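J.: After the C-alpha cells below, expect a handful of questions from me.
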Amino acid sequence: MSTTINGTSAFYGRSTQQMSTLLAQAQTMQTQISTGAKLSSASDDPLASGQLRTLQRADSLAAVGTANAAAATNDLNAVDTTLSSFTDLINQAKQLAQQAASGTISTTQRQAIGATMLQIHDQMVSLANTKDASGNALFGGSTSGDAYTVNAAGQAVYAGSGSPQTLDIGEGKTVTRSITGPDFLNFSAAGTPTDLLTQVQTLGQALSSGAASGAAQAQSALSTFDTASDTVNTQAAIIGARLNWIDTAGAQHTAIGDQRTTSETALGSTDLPTTIANLQATMTVLQTSQASFAKLASLSLFDKIS
C-alpha cells in the first residue's frame, strides 16, 4: 500500500508540475502576443538581449547623426541661397562698372552709379552677416556674433574666427556645415590679394565723389568682378558637393537602419503567426492534461486498491 501511495503522490506531483509548466508557457506567449515583445527581461535570452542593446545604441547614435545631417542641410542650403544672391549682386556691380567706365556718361551719372554701388555694398555686408538657424553668424566660423563689422570709414572688416563646425552625420561620416566669409569674399585678382566688399565700397566712393579717376577705376574693376564671380561659383560648387554627400550618406544610413530594424525584429519582436499557433497547441495540451488529471484524481485510492 505504501508503494501505491508513493506512486500516486509522484503522479500528482508530475501532473501538477507539467500543467504549471504548460500554464507558464501559455502566459508567456499571451504576454508576447499582447506586447509584441519576445523578451520581457534580459534573463529570457541573455545573448539576444545583449545584441538588442547593441542595436539600440546604434539606433540612438543614428538618430543623432540624422539630426545633425538635417541641421547641416539647413545651413548649407542657406549658404547656397546666400551665394546665389551674392552672384546676382556681383553681376549688378559689374554692369554698373561697365556703365561707369564708358566715356559717354557725365560725372553726375557716375555719381548716381556710385551711390547705387554703395547700396550694393551695404546689401553685400548684410548678406555676409546672414545668421544660421541658431542665430549665429553663418559665415563667421566659430563666432556667434556678426561675421563682419563696419568701421568708421564705412569699410567692412571680417570679425569672425576659427572654422565652421563639422558635424558627425553617422557611421563615421562628417560634414562641415558652412564656409567663412573670406572663403568667397577674399581672392587674388591679377596677383593682388583682394576683398570684394572693399573693392565695391572703394569703387562706389570714387564714383559718388565725382573723382576724375572714376572711369578708370570702373574699368579696372571689371576683371575683379569676374574673379569674384568665379570664386563665389567655386564655393557654391563645394556647397553642392556637401549637400550631395549628405544625401548619399543618408541613403546609406537608411539602408543600414533597415538592416538593424530587421535584426531587432528577429531578436526581440514576437512572430505573431508562430506564437499564436504555439499558444493554441499549448492550450490544447494543457486542457487535455487538466481533463486527464481531473478524471484520474476523481478515482479514490480505495478504488485503485480494491
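Ligands are numbered from 1 in the order shown, chains are lettered A, B, ... in the order of the C-alpha cells, and residues start at 1 in each chain.
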Extract, using only C-alpha atoms, all DNA, RNA and protein residues at most 9 Å from range 129-146 of chain A, discarding same-chain residues fewer than 6 positions from it, and format them as a list in words.
T.: Ala71, Asn74, Asp75, Ala78, Val79, Thr82, Tyr158, Ala159, Gly160, Ser161, Gly162, Ser163, Pro164, Gln165, Arg177, Ser178, Ile179, Thr180, Gly181, Pro182 and Asp183 of chain A
J.: Do you know which residues are at most 12 Å from Ala112 in chain A counting only C-alpha atoms, after dropping those on the same chain fewer than 6 positions away, and could you put them as a list in words?
T.: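 Residues meeting the cut-off are Leu96, Ala97, Gln99, Ala100, Ile105, Ser106, Leu118, Gln119, Gly204, Gln205, Ala206, Leu207, Ser208, Ser209 and Gly210 of chain A.
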J.: I need the chosen residues saved as a PDB file, in the first residue's frame, with C-alpha atoms.
T.:
```pdb
ATOM      1  CA  LEU A  96      27.255  99.388 -63.176  1.00  0.00           C
ATOM      2  CA  ALA A  97      31.048  99.371 -63.560  1.00  0.00           C
ATOM      3  CA  GLN A  99      28.379 101.888 -67.473  1.00  0.00           C
ATOM      4  CA  ALA A 100      30.690 103.987 -65.304  1.00  0.00           C
ATOM      5  CA  ILE A 105      28.280 109.465 -69.493  1.00  0.00           C
ATOM      6  CA  SER A 106      28.527 112.533 -67.308  1.00  0.00           C
ATOM      7  CA  LEU A 118      27.426 101.801 -52.240  1.00  0.00           C
ATOM      8  CA  GLN A 119      23.904 100.424 -51.777  1.00  0.00           C
ATOM      9  CA  GLY A 204      31.343 103.312 -55.008  1.00  0.00           C
ATOM     10  CA  GLN A 205      33.060 106.075 -53.058  1.00  0.00           C
ATOM     11  CA  ALA A 206      35.257 107.041 -56.006  1.00  0.00           C
ATOM     12  CA  LEU A 207      32.311 107.280 -58.372  1.00  0.00           C
ATOM     13  CA  SER A 208      29.966 109.052 -55.978  1.00  0.00           C
ATOM     14  CA  SER A 209      32.643 111.643 -55.178  1.00  0.00           C
ATOM     15  CA  GLY A 210      32.961 112.563 -58.851  1.00  0.00           C
TER      16      GLY A 210
END
```
J.: Taking 6 positions as the minimum chain separation for residues in the same chain, which residues sit within 10 Å of Gln56 in chain A when counting only C-alpha atoms? Answer as a list in words.
T.: Gly50, Ala62, Arg260, Thr261 and Glu264 of chain A
J.: Just the number, please: distance in Å from CA of Ser220 in chain A to CA of Asp122 in chain A, one decimal.
T.: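 That distance, rounded to one decimal, is 21.4 Å.
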J.: Give the helix (DSSP H, G or I) residues of range 108-237 of chain A, as DSSP finds them on the backbone, and put them as a PyMOL selection string.
T.: chain A and resi 108-128+181-185+196-208+214-237
J.: Please report the interatomic distance between CA of Thr66 in chain A and CA of Thr81 in chain A in Å with one decimal.
T.: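 Calculated distance between CA of Thr66 in chain A and CA of Thr81 in chain A is 22.4 Å.
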J.: Between CA of Gln217 in chain A and CA of Ala156 in chain A, what is the distance in Å, rounded to a tenth?
T.: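 Result for CA of Gln217 in chain A versus CA of Ala156 in chain A: 19.7 Å, one decimal.
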J.: Per DSSP on the backbone, what are the strand (DSSP E) residues of range 108-211 of chain A, as a ChimeraX atom specification?
T.: /A:148-150,156-158,166-170,173-176,186-189,192-195
J.: So, counting only C-alpha atoms, which residue among A:Leu127, A:Leu243, A:Val157, A:Leu222 is closest to Val175 in chain A?
T.: A:Leu243
